[in-house]
Each structure stands twice: as structure tokens, then as C-alpha cells.
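*Asks:* Pasting start.txt here (compact mmCIF, C-alpha atoms and all ligand atoms):
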# COMPACT_ATOMS: atom_id res chain seq x y z
CA MET A 5 39.39 -17.51 -26.83
CA ILE A 6 38.89 -13.84 -25.89
CA GLY A 7 41.52 -12.10 -28.03
CA ASP A 8 44.82 -13.82 -27.22
CA ARG A 9 43.58 -15.33 -23.97
CA CYS A 10 41.94 -18.68 -23.33
CA LEU A 11 38.49 -18.63 -21.74
CA SER A 12 39.84 -20.94 -19.03
CA ASP A 13 42.46 -18.32 -18.26
CA LEU A 14 40.34 -16.42 -15.72
CA PRO A 15 41.70 -12.99 -14.86
CA LYS A 16 43.20 -12.67 -11.39
CA VAL A 17 42.36 -9.23 -10.12
CA LEU A 18 43.42 -7.21 -7.10
CA VAL A 19 40.66 -4.71 -6.31
CA VAL A 20 42.09 -1.95 -4.12
CA GLY A 21 39.25 -0.13 -2.40
CA GLY A 22 36.83 -2.99 -3.05
CA ALA A 23 34.78 -2.22 0.09
CA GLY A 24 33.76 1.20 -1.22
CA TYR A 25 30.78 2.22 -3.31
CA ILE A 26 32.15 1.66 -6.81
CA GLY A 27 34.73 -0.95 -5.76
CA SER A 28 32.08 -3.19 -4.19
CA HIS A 29 29.99 -3.14 -7.38
CA MET A 30 33.15 -4.02 -9.31
CA VAL A 31 33.77 -7.02 -7.05
CA LYS A 32 30.22 -8.27 -7.60
CA TYR A 33 30.55 -7.81 -11.38
CA LEU A 34 33.94 -9.57 -11.49
CA ASP A 35 32.51 -12.44 -9.50
CA LYS A 36 29.64 -12.77 -11.98
CA MET A 37 32.21 -12.90 -14.79
CA GLY A 38 34.21 -15.62 -13.03
CA ALA A 39 37.34 -13.63 -12.15
CA VAL A 40 39.60 -14.60 -9.26
CA ILE A 41 39.32 -11.69 -6.83
CA THR A 42 41.45 -10.32 -4.01
CA VAL A 43 40.18 -7.21 -2.23
CA LEU A 44 42.50 -4.86 -0.35
CA ASP A 45 40.82 -2.11 1.68
CA ASN A 46 41.68 -0.30 4.91
CA LEU A 47 37.95 0.18 5.70
CA SER A 48 38.54 3.88 6.40
CA THR A 49 35.49 4.72 4.28
CA GLY A 50 34.55 1.28 2.96
CA HIS A 51 32.34 -1.32 4.62
CA ARG A 52 33.14 -4.98 5.15
CA ASP A 53 29.53 -6.02 4.49
CA LEU A 54 29.64 -4.57 0.97
CA ILE A 55 32.29 -7.10 -0.15
CA THR A 56 30.33 -9.97 -1.65
CA ALA A 57 33.11 -12.11 -3.13
CA GLY A 58 36.81 -12.90 -3.16
CA GLU A 59 39.52 -12.95 -0.52
CA PHE A 60 39.52 -9.88 1.72
CA ILE A 61 42.71 -8.36 3.11
CA GLU A 62 42.32 -5.44 5.50
CA GLY A 63 45.26 -3.12 5.07
CA ASP A 64 46.65 0.15 3.87
CA LEU A 65 48.58 1.15 0.77
CA GLY A 66 51.13 2.83 3.04
CA ASP A 67 52.13 -0.61 4.39
CA GLU A 68 54.99 -1.72 2.13
CA ALA A 69 55.45 -5.10 3.85
CA LEU A 70 51.75 -5.87 3.39
CA LEU A 71 51.85 -4.93 -0.30
CA ASN A 72 54.91 -7.16 -0.79
CA SER A 73 53.15 -10.08 0.82
CA VAL A 74 49.96 -9.51 -1.21
CA PHE A 75 51.92 -9.68 -4.46
CA GLU A 76 54.34 -12.42 -3.38
CA ARG A 77 51.70 -14.85 -2.23
CA ARG A 78 49.20 -14.41 -5.04
CA ASP A 79 49.25 -14.57 -8.77
CA ILE A 80 47.80 -11.17 -9.83
CA ASP A 81 47.29 -10.17 -13.50
CA VAL A 82 45.80 -6.76 -13.03
CA VAL A 83 45.20 -4.16 -10.32
CA MET A 84 42.06 -2.01 -10.21
CA HIS A 85 42.53 1.02 -7.99
CA PHE A 86 39.40 2.52 -6.39
CA ALA A 87 40.93 3.62 -3.08
CA ALA A 88 41.05 7.39 -2.92
CA SER A 89 39.72 10.37 -1.04
CA SER A 90 37.03 11.80 -3.30
CA LEU A 91 35.19 14.74 -1.79
CA VAL A 92 35.72 17.96 -3.68
CA ALA A 93 34.95 20.32 -0.77
CA GLU A 94 37.11 18.35 1.66
CA SER A 95 39.97 18.45 -0.84
CA VAL A 96 39.83 22.25 -0.86
CA ALA A 97 39.87 22.41 2.96
CA ASP A 98 42.45 19.64 3.51
CA PRO A 99 44.59 19.39 0.36
CA LEU A 100 47.47 17.45 1.91
CA LYS A 101 45.15 14.58 2.80
CA TYR A 102 44.46 14.32 -0.94
CA TYR A 103 48.10 14.63 -2.00
CA THR A 104 49.01 11.89 0.50
CA ASN A 105 46.12 9.48 -0.04
CA ASN A 106 45.69 9.92 -3.76
CA ILE A 107 49.23 10.48 -5.02
CA SER A 108 51.74 9.10 -2.46
CA ARG A 109 49.71 5.98 -1.69
CA THR A 110 49.20 5.31 -5.40
CA ALA A 111 52.97 5.69 -5.92
CA SER A 112 53.48 3.06 -3.17
CA LEU A 113 51.08 0.70 -4.91
CA LEU A 114 52.75 1.21 -8.29
CA SER A 115 56.22 0.67 -6.72
CA ALA A 116 55.05 -2.65 -5.29
CA MET A 117 53.66 -3.60 -8.69
CA GLN A 118 56.98 -2.69 -10.31
CA ARG A 119 58.90 -4.81 -7.77
CA HIS A 120 56.64 -7.76 -8.54
CA ASP A 121 56.53 -7.21 -12.29
CA ILE A 122 52.76 -6.65 -12.54
CA LYS A 123 52.08 -4.63 -15.65
CA HIS A 124 48.33 -3.94 -15.87
CA PHE A 125 46.49 -1.19 -14.01
CA ILE A 126 42.97 0.24 -14.20
CA PHE A 127 42.66 3.65 -12.61
CA SER A 128 39.54 5.39 -11.27
CA SER A 129 39.90 8.90 -12.57
CA THR A 130 37.26 11.60 -12.69
CA ALA A 131 35.58 14.34 -14.70
CA ALA A 132 37.03 16.67 -12.05
CA VAL A 133 40.28 16.65 -14.09
CA TYR A 134 38.57 18.99 -16.60
CA GLY A 135 37.60 21.73 -14.13
CA GLU A 136 35.32 24.28 -15.81
CA PRO A 137 35.41 22.75 -19.32
CA ASP A 138 36.13 24.94 -22.33
CA GLU A 139 33.85 22.84 -24.57
CA LEU A 140 30.76 20.63 -24.29
CA PRO A 141 30.30 17.75 -24.43
CA ILE A 142 33.65 16.91 -22.89
CA THR A 143 35.88 14.57 -24.88
CA GLU A 144 39.10 13.00 -23.69
CA ASN A 145 40.93 15.74 -25.64
CA THR A 146 39.17 18.62 -23.86
CA SER A 147 41.77 20.61 -21.88
CA THR A 148 42.36 19.45 -18.34
CA ASN A 149 42.36 22.24 -15.80
CA PRO A 150 41.21 20.92 -12.41
CA SER A 151 39.62 23.48 -10.13
CA ASN A 152 40.23 21.66 -6.85
CA PRO A 153 42.91 19.42 -5.23
CA TYR A 154 40.77 16.30 -5.77
CA GLY A 155 40.87 16.72 -9.55
CA ALA A 156 44.50 17.86 -9.43
CA THR A 157 45.61 14.73 -7.58
CA LYS A 158 43.74 12.44 -9.98
CA LEU A 159 45.32 14.21 -12.93
CA ALA A 160 48.76 13.88 -11.30
CA VAL A 161 48.26 10.12 -11.06
CA GLU A 162 47.27 9.98 -14.73
CA ARG A 163 50.58 11.71 -15.48
CA MET A 164 52.46 9.34 -13.17
CA LEU A 165 50.94 6.39 -15.04
CA ARG A 166 52.18 7.74 -18.38
CA ASP A 167 55.67 8.05 -16.90
CA CYS A 168 55.48 4.49 -15.52
CA ASP A 169 54.59 3.23 -18.98
CA THR A 170 57.62 4.99 -20.46
CA GLY A 171 59.86 3.95 -17.56
CA PHE A 172 59.02 0.30 -17.06
CA GLY A 173 56.20 -0.64 -19.41
CA LEU A 174 53.22 -0.42 -17.03
CA LYS A 175 50.08 -0.48 -19.18
CA SER A 176 47.14 1.40 -17.71
CA ILE A 177 43.63 2.51 -18.59
CA CYS A 178 42.37 5.68 -16.90
CA LEU A 179 38.58 5.86 -16.62
CA ARG A 180 37.24 9.35 -16.04
CA TYR A 181 33.88 8.91 -14.33
CA PHE A 182 31.18 11.51 -14.49
CA ASN A 183 28.53 11.32 -11.71
CA ALA A 184 28.33 7.75 -10.44
CA CYS A 185 24.95 6.80 -9.00
CA GLY A 186 22.49 3.97 -8.44
CA ALA A 187 22.90 0.57 -6.86
CA ASP A 188 23.00 -3.07 -7.87
CA ASP A 189 19.57 -4.51 -8.75
CA SER A 190 19.89 -6.97 -5.85
CA ALA A 191 19.74 -3.94 -3.50
CA THR A 192 22.31 -5.74 -1.34
CA ILE A 193 25.09 -3.24 -2.04
CA GLY A 194 24.95 0.48 -2.74
CA GLU A 195 26.16 3.94 -1.82
CA ARG A 196 26.86 4.51 1.88
CA HIS A 197 29.05 7.52 2.62
CA GLN A 198 29.60 9.09 6.01
CA PRO A 199 29.10 12.01 5.76
CA GLU A 200 26.94 11.90 2.62
CA THR A 201 27.47 14.85 0.27
CA HIS A 202 26.17 13.55 -3.07
CA LEU A 203 22.95 14.79 -4.55
CA ILE A 204 20.97 11.60 -5.23
CA PRO A 205 21.49 9.88 -1.84
CA LEU A 206 20.72 13.16 -0.05
CA VAL A 207 17.52 13.67 -2.06
CA LEU A 208 16.52 10.09 -1.20
CA GLN A 209 17.20 10.75 2.48
CA VAL A 210 14.64 13.55 2.25
CA ALA A 211 12.19 11.18 0.55
CA ALA A 212 12.77 8.66 3.36
CA GLY A 213 12.03 11.29 6.01
CA LEU A 214 15.60 11.30 7.36
CA ARG A 215 16.27 14.87 6.29
CA GLU A 216 13.90 17.79 6.20
CA HIS A 217 14.91 19.25 2.83
CA ILE A 218 17.48 19.24 0.09
CA SER A 219 19.54 22.40 -0.33
CA VAL A 220 20.00 23.26 -3.97
CA PHE A 221 23.43 24.81 -4.30
CA GLY A 222 23.04 27.72 -6.71
CA HIS A 223 20.03 28.72 -8.77
CA ASP A 224 21.58 31.43 -10.93
CA TYR A 225 23.86 29.35 -13.16
CA GLU A 226 23.60 29.91 -16.89
CA THR A 227 21.46 26.83 -17.41
CA GLU A 228 17.80 26.53 -18.33
CA ASP A 229 16.52 26.32 -14.74
CA GLY A 230 19.54 28.00 -13.13
CA THR A 231 20.86 24.84 -11.40
CA CYS A 232 23.96 22.78 -12.24
CA ILE A 233 23.82 20.10 -14.88
CA ARG A 234 25.57 16.74 -14.47
CA ASP A 235 25.89 13.51 -16.42
CA TYR A 236 24.72 10.61 -14.21
CA ILE A 237 26.07 7.13 -14.86
CA HIS A 238 24.99 3.92 -13.14
CA VAL A 239 27.60 2.20 -11.00
CA ASN A 240 27.06 -1.17 -12.72
CA ASP A 241 27.69 0.49 -16.08
CA LEU A 242 30.99 1.74 -14.65
CA ALA A 243 31.76 -1.82 -13.57
CA GLN A 244 31.01 -3.10 -17.08
CA ALA A 245 33.46 -0.56 -18.55
CA HIS A 246 36.18 -1.57 -16.08
CA TYR A 247 35.77 -5.20 -17.02
CA GLN A 248 36.01 -4.40 -20.73
CA ALA A 249 39.03 -2.16 -20.12
CA MET A 250 40.70 -4.94 -18.15
CA MET A 251 40.17 -7.47 -20.94
CA LYS A 252 41.55 -4.98 -23.44
CA LEU A 253 44.70 -4.53 -21.35
CA LEU A 254 45.14 -8.26 -20.81
CA ASN A 255 44.89 -8.71 -24.56
CA GLY A 256 47.84 -6.40 -25.08
CA ALA A 257 46.35 -2.91 -25.45
CA GLU A 258 48.40 0.22 -25.02
CA SER A 259 47.71 2.71 -22.23
CA ILE A 260 44.70 4.94 -22.87
CA THR A 261 42.06 7.16 -21.23
CA TYR A 262 38.25 7.03 -21.54
CA ASN A 263 35.37 9.22 -20.36
CA LEU A 264 32.50 7.29 -18.78
CA GLY A 265 29.16 9.08 -18.81
CA ASN A 266 25.74 8.80 -20.45
CA SER A 267 26.20 11.93 -22.57
CA ALA A 268 22.95 13.33 -21.15
CA GLY A 269 22.78 16.22 -18.73
CA PHE A 270 20.26 16.62 -15.90
CA SER A 271 19.91 19.70 -13.72
CA VAL A 272 19.68 19.49 -9.93
CA ARG A 273 15.99 20.41 -10.18
CA GLN A 274 15.39 17.66 -12.76
CA VAL A 275 17.03 15.12 -10.43
CA VAL A 276 14.74 16.20 -7.59
CA GLU A 277 11.70 16.00 -9.89
CA GLN A 278 12.61 12.48 -11.05
CA ALA A 279 13.17 11.42 -7.43
CA ARG A 280 9.68 12.70 -6.54
CA MET A 281 8.21 10.55 -9.30
CA VAL A 282 10.23 7.44 -8.39
CA THR A 283 9.54 7.62 -4.66
CA ALA A 284 6.06 9.19 -4.79
CA LYS A 285 7.18 11.39 -1.87
CA GLU A 286 7.23 15.12 -1.31
CA ILE A 287 10.82 16.33 -1.45
CA LYS A 288 11.22 19.80 -0.01
CA VAL A 289 13.73 22.02 -1.78
CA VAL A 290 15.52 25.02 -0.25
CA GLU A 291 17.55 27.34 -2.44
CA ALA A 292 21.08 27.78 -1.10
CA ALA A 293 24.27 29.53 -2.18
CA ARG A 294 26.54 28.03 -4.82
CA ARG A 295 29.00 25.41 -3.58
CA ARG A 296 32.62 26.43 -4.11
CA GLY A 297 34.30 24.76 -7.08
CA ASP A 298 31.11 23.48 -8.78
CA PRO A 299 31.27 23.82 -12.59
CA ALA A 300 27.90 24.76 -14.15
CA VAL A 301 27.71 21.93 -16.67
CA LEU A 302 29.59 18.62 -16.96
CA VAL A 303 28.43 16.32 -19.75
CA ALA A 304 30.59 13.60 -21.28
CA ASP A 305 31.21 12.56 -24.82
CA SER A 306 31.79 8.83 -24.20
CA ALA A 307 31.79 7.75 -27.85
CA LYS A 308 35.38 6.56 -27.56
CA ALA A 309 34.59 4.07 -24.76
CA ARG A 310 31.52 2.81 -26.63
CA ARG A 311 33.51 2.39 -29.84
CA GLU A 312 36.77 0.99 -28.51
CA LEU A 313 35.61 -1.01 -25.48
CA GLY A 314 32.23 -2.05 -26.89
CA TRP A 315 30.76 -0.41 -23.78
CA GLN A 316 26.96 -0.27 -23.74
CA PRO A 317 25.47 1.31 -20.64
CA GLN A 318 22.37 -0.62 -19.52
CA TYR A 319 20.83 2.06 -17.30
CA GLU A 320 20.37 5.07 -19.54
CA SER A 321 17.26 6.54 -17.93
CA LEU A 322 17.72 8.69 -14.87
CA SER A 323 14.56 7.32 -13.26
CA THR A 324 15.89 3.74 -13.50
CA MET A 325 19.13 4.83 -11.88
CA ILE A 326 17.30 6.63 -9.08
CA ALA A 327 14.91 3.69 -8.62
CA SER A 328 17.84 1.32 -8.07
CA ALA A 329 19.33 3.70 -5.49
CA TRP A 330 15.94 4.04 -3.78
CA ALA A 331 15.56 0.23 -3.50
CA TRP A 332 18.99 0.04 -1.82
CA HIS A 333 18.46 3.00 0.50
CA GLN A 334 15.11 1.72 1.70
CA ARG A 335 16.96 -1.36 2.94
CA ASP A 336 20.07 0.42 4.17
CA PHE A 337 18.27 3.33 5.88
CA SER A 338 16.06 0.96 7.88
N1 LIG B 401 24.10 19.45 -5.03
C1 LIG B 401 23.11 20.21 -4.43
N2 LIG B 401 22.80 19.94 -3.15
C2 LIG B 401 23.41 18.97 -2.41
C3 LIG B 401 24.41 18.20 -3.02
C4 LIG B 401 24.74 18.46 -4.34
O1 LIG B 401 22.55 21.11 -5.04
O2 LIG B 401 23.08 18.81 -1.23
C5 LIG B 401 24.45 19.73 -6.44
C6 LIG B 401 25.90 20.10 -6.62
O3 LIG B 401 26.08 21.47 -6.42
C7 LIG B 401 26.15 19.63 -8.05
C8 LIG B 401 25.21 18.43 -8.21
O4 LIG B 401 24.25 18.55 -7.16
O5 LIG B 401 25.74 20.61 -8.93
C9 LIG B 401 25.91 17.11 -8.07
O6 LIG B 401 26.67 17.14 -6.86
P1 LIG B 401 27.36 15.84 -6.25
O7 LIG B 401 27.99 16.27 -4.97
O8 LIG B 401 26.40 14.72 -6.22
O9 LIG B 401 28.45 15.47 -7.31
P2 LIG B 401 29.62 16.38 -7.95
O10 LIG B 401 29.17 16.76 -9.33
O11 LIG B 401 30.03 17.47 -7.06
O12 LIG B 401 30.85 15.39 -7.94
C10 LIG B 401 30.84 14.10 -8.49
C11 LIG B 401 31.83 13.24 -7.76
C12 LIG B 401 33.19 13.77 -7.93
C13 LIG B 401 33.50 13.95 -9.39
C14 LIG B 401 32.43 14.75 -10.09
C15 LIG B 401 32.68 14.75 -11.56
O13 LIG B 401 31.49 13.19 -6.38
O14 LIG B 401 34.08 12.87 -7.37
O15 LIG B 401 31.18 14.17 -9.84
O16 LIG B 401 31.55 15.15 -12.25
F1 LIG B 401 34.65 14.60 -9.53
Just give me the structure of the file as C-alpha cells.
Ligand code: UFG
*Replies:*
Amino acid sequence: MIGDRCLSDLPKVLVVGGAGYIGSHMVKYLDKMGAVITVLDNLSTGHRDLITAGEFIEGDLGDEALLNSVFERRDIDVVMHFAASSLVAESVADPLKYYTNNISRTASLLSAMQRHDIKHFIFSSTAAVYGEPDELPITENTSTNPSNPYGATKLAVERMLRDCDTGFGLKSICLRYFNACGADDSATIGERHQPETHLIPLVLQVAAGLREHISVFGHDYETEDGTCIRDYIHVNDLAQAHYQAMMKLLNGAESITYNLGNSAGFSVRQVVEQARMVTAKEIKVVEAARRRGDPAVLVADSAKARRELGWQPQYESLSTMIASAWAWHQRDFS
């Protein structure tokens, strides 16, 4: 038995957005744990070749008939929702895309779940809900004050989930990720965004000779070396936390929120330095202006997830995380 459930009672999971970066690692992890997996993805930013297990359905959350058929024809215990627009700068320039994709489409998914009486939901939330934090490290009780539409739409969904619990008993766990990075040790799946905007893959593109330099956005922040500090967390450690959160929900837990980070901050310059060591390549740095909406320091207090989920990140060193990303990119870039 795991809690109230029999070991033979394998969880049946719908992974929405399972062709994306974090979703595809989740699918691989769930497969390793023996779950029965259905993936729903519209492939707008995801990639078919990153889905390594389960049944794949290509489709959109705006398609009510499709959602009805997904839930009618399959026995689903829990939905994990990774499908969202997630670029901070884009959200500032095109907010309605974020309000539509992240809030309206999630409401459609939750309505379909309500119609089909599915009561367990794991939500990909973000540290962007905190905005410029008023304390460090950031706990789940730190005030939320998102500084861009991306964070605002994620926070709105968290609120919607609380209301759904009150209204019809939907139990959810919101996981607020800090900076996801790295790739599976197999190097068969990893981060592939078009366009790429994240620091580690861009730095590795420079190392691979695909980009001339990395622009460091801001060098006059109030940090030791003047560049922004972030808390990097390996994508497989995120997958582990989702699995543990899912089991907690299936064993009857109440709705709750957790931060997922390593509780260690690294500056942009430190990331570049580590990448130089991992790749043994020159990585040219150019100082650039601050990027709009970037908080100076984001570091998580994730003690609650460690304590209550039994979560134990396996990739705590930044160089290990970067090395796993480098192994993947060397395959994917070629
Ligand atoms: N950075 C650069 N140069 C670049 C790209 C990034 O200096 O070319 C800097 C950024 O200014 C920031 C840091 O590197 O200080 C990390 O930037 P990323 O774009 O990799 O990640 P963010 O911290 O902006 O955002 C990520 C996720 C968001 C999430 C946030 C929460 O992409 O979805 O973490 O911490 F909200």
C-alpha cells in the first residue's frame, strides 16, 4: 500500500502540455514509476519527439468536444497542467495572449474536469507570482505581487483553483517553480524553445559556437557582482516533486501550495563561470541594459515541500545541472 492506495492501483494521469520542456520530463518520470499516461498537447511550442511514453492526443484546451472525449473515453485520476505561455517579456508585450492561454484555457480544462467528476489537479505555477519579493528567502507565505502578466495569470489560476475547491471539491496542488534547468541524464529530452530566452541554454549556445556572446542583462543590481541572482532547479527534481504531490492528492490531501527551488542563489556571472568550467569553452560576455520586469534576487525557501512531500532534489550542484543541459544540447544542436 502507498497510503490508502494499493500498489497495483497505478495512477492514471493526463499530462496537459506533455510535449514541452517540463511536461516531457514529467512523462518520462511517470513512465518510470509505472503510471498510465495520456498526453494532450497542441504542439504550439511542444515537440512530438520529446514525448517518450503514453498515448498522445494532439489538441487544444479550447476544444470542448475534444476535452469531453478525452475524459469520457479514459479513466483519469489526476490532471497535471503544464500547458501555458511562459515568457515574461512576451507577456508584457502581448498580455491578452496570456490571459487567454493561461486563464481562459485553464478554466475550460477545469470545466471539463468538473463535468466528468475528476477531482485532482497539479498546477505548474511560478516564482513570478511573488514579483519583487519583500523578504528572502521566499516562503509560500511571502506576499504575492506579480510584476508582469505572466505571473498575474498564474496567480489568477491559483485563486481560481481555491474557488473550485470551495465550489465543487476540486483538490489541487500548486507548485511554484523557481528557475527550471537541465535535462534528463539520457540526453534524449531537454529544453528546446523557439525563440530561446533563458539564460542557461543561451550560454550553452555560445559555448557551442552558435551565438557570438551572451548579453548580461544588468550589472548594477544590488548584488555582490551586480548581476541578478536566481535559484536554479533541475527539471527531473521538479518531476519528482510533481509525482510526490500527485500521490499526496490521491491519498486524500487537501489543496496546498509549495515552492520548488534549491534554496541557493547564483548570479548571472556565476552561471556563465560554471558553464565555462563544464564546457571548457570560452564564453564571451557583453554587458547589456537591465531586462524589464527582472527582480534582482529570487531564492526559494522550499522547506515545506521537503518536509511535507518528502522531496529530495537529486541535482543540487549548479555544475551538474549545467552538465546535463550541455549533454542534451550537444545532441540537439547538431
Ligand atoms: N539573463 C541574461 N541574459 C540572457 C537571458 C537571461 O542576463 O540572455 C538573465 C536574466 O536577466 C535573469 C537571469 O538571467 O536575471 C535568468 O533569466 P531567465 O530568462 O533564464 O529566467 P527568468 O528568471 O527570467 O524566468 C524564469 C522562468 C519564468 C519564471 C521565473 C521565476 O522563465 O517562467 O524564472 O524565477 F517565472
*Asks:* Considering only C-alpha atoms and all ligand atoms, give me a table of residues in chain A that are at most 8 Å from ligand LIG 401 (chain B), with the closest atom pair and distance in Å for each, as CSV.
*Replies:*
residue,atom,partner,partner_atom,distance
A:Ser90,CA,B:LIG401,O14,5.1
A:Leu91,CA,B:LIG401,O14,6.0
A:Val92,CA,B:LIG401,C12,6.5
A:Thr130,CA,B:LIG401,F1,5.1
A:Ala131,CA,B:LIG401,C15,4.3
A:Ala132,CA,B:LIG401,F1,4.0
A:Val133,CA,B:LIG401,F1,7.5
A:Tyr154,CA,B:LIG401,F1,7.4
A:Gly155,CA,B:LIG401,F1,6.6
A:Tyr181,CA,B:LIG401,C15,6.6
A:Phe182,CA,B:LIG401,O16,4.3
A:Asn183,CA,B:LIG401,O15,4.3
A:Ala184,CA,B:LIG401,C11,7.0
A:Thr201,CA,B:LIG401,O7,5.5
A:His202,CA,B:LIG401,O8,3.4
A:Leu203,CA,B:LIG401,O8,3.8
A:Ile204,CA,B:LIG401,O8,6.3
A:Leu206,CA,B:LIG401,O2,6.2
A:Val207,CA,B:LIG401,O2,7.6
A:Ile218,CA,B:LIG401,O2,5.8
A:Ser219,CA,B:LIG401,N2,5.0
A:Val220,CA,B:LIG401,O1,3.5
A:Phe221,CA,B:LIG401,O1,3.9
A:Gly222,CA,B:LIG401,O1,6.8
A:Thr231,CA,B:LIG401,O5,6.9
A:Cys232,CA,B:LIG401,O5,4.3
A:Ile233,CA,B:LIG401,O5,6.3
A:Arg234,CA,B:LIG401,O10,6.3
A:Asp235,CA,B:LIG401,O16,7.2
A:Ser271,CA,B:LIG401,O5,7.6
A:Val272,CA,B:LIG401,O4,5.4
A:Ala292,CA,B:LIG401,O1,7.9
A:Arg294,CA,B:LIG401,O3,6.8
A:Arg295,CA,B:LIG401,O3,5.7
A:Asp298,CA,B:LIG401,O3,5.9
A:Pro299,CA,B:LIG401,O5,7.4
A:Ala300,CA,B:LIG401,O5,7.0
A:Leu302,CA,B:LIG401,O16,6.2
*Asks:* So, with all atoms listed in the file as the atoms that count, which of A:Asn240, A:Ser108, A:Asn152, A:Thr143 lies closest to Glu94 of chain A?
*Replies:*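 Smallest distance to Glu94 of chain A is found for A:Asn152.
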*Asks:* Quick one: of A:Leu322, A:Asp45, A:Leu54, A:Gly22, who's nearest to Leu70 of chain A, counting all atoms listed in the file?
*Replies:* A:Asp45
*Asks:* Please indicate the distance in Å from atom CA of Asp79 of chain A to atom CA of Glu62 of chain A, rounded to one decimal place.
*Replies:*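 According to the coordinates, atom CA of Asp79 of chain A and atom CA of Glu62 of chain A are separated by 18.3 Å.
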*Asks:* Counting only C-alpha atoms, figure out which residue out of A:Ser338, A:Gln274, A:Gln244, A:Asn149 gets nearest to Trp315 of chain A.
*Replies:*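 Closest to Trp315 of chain A of all the choices is A:Gln244.
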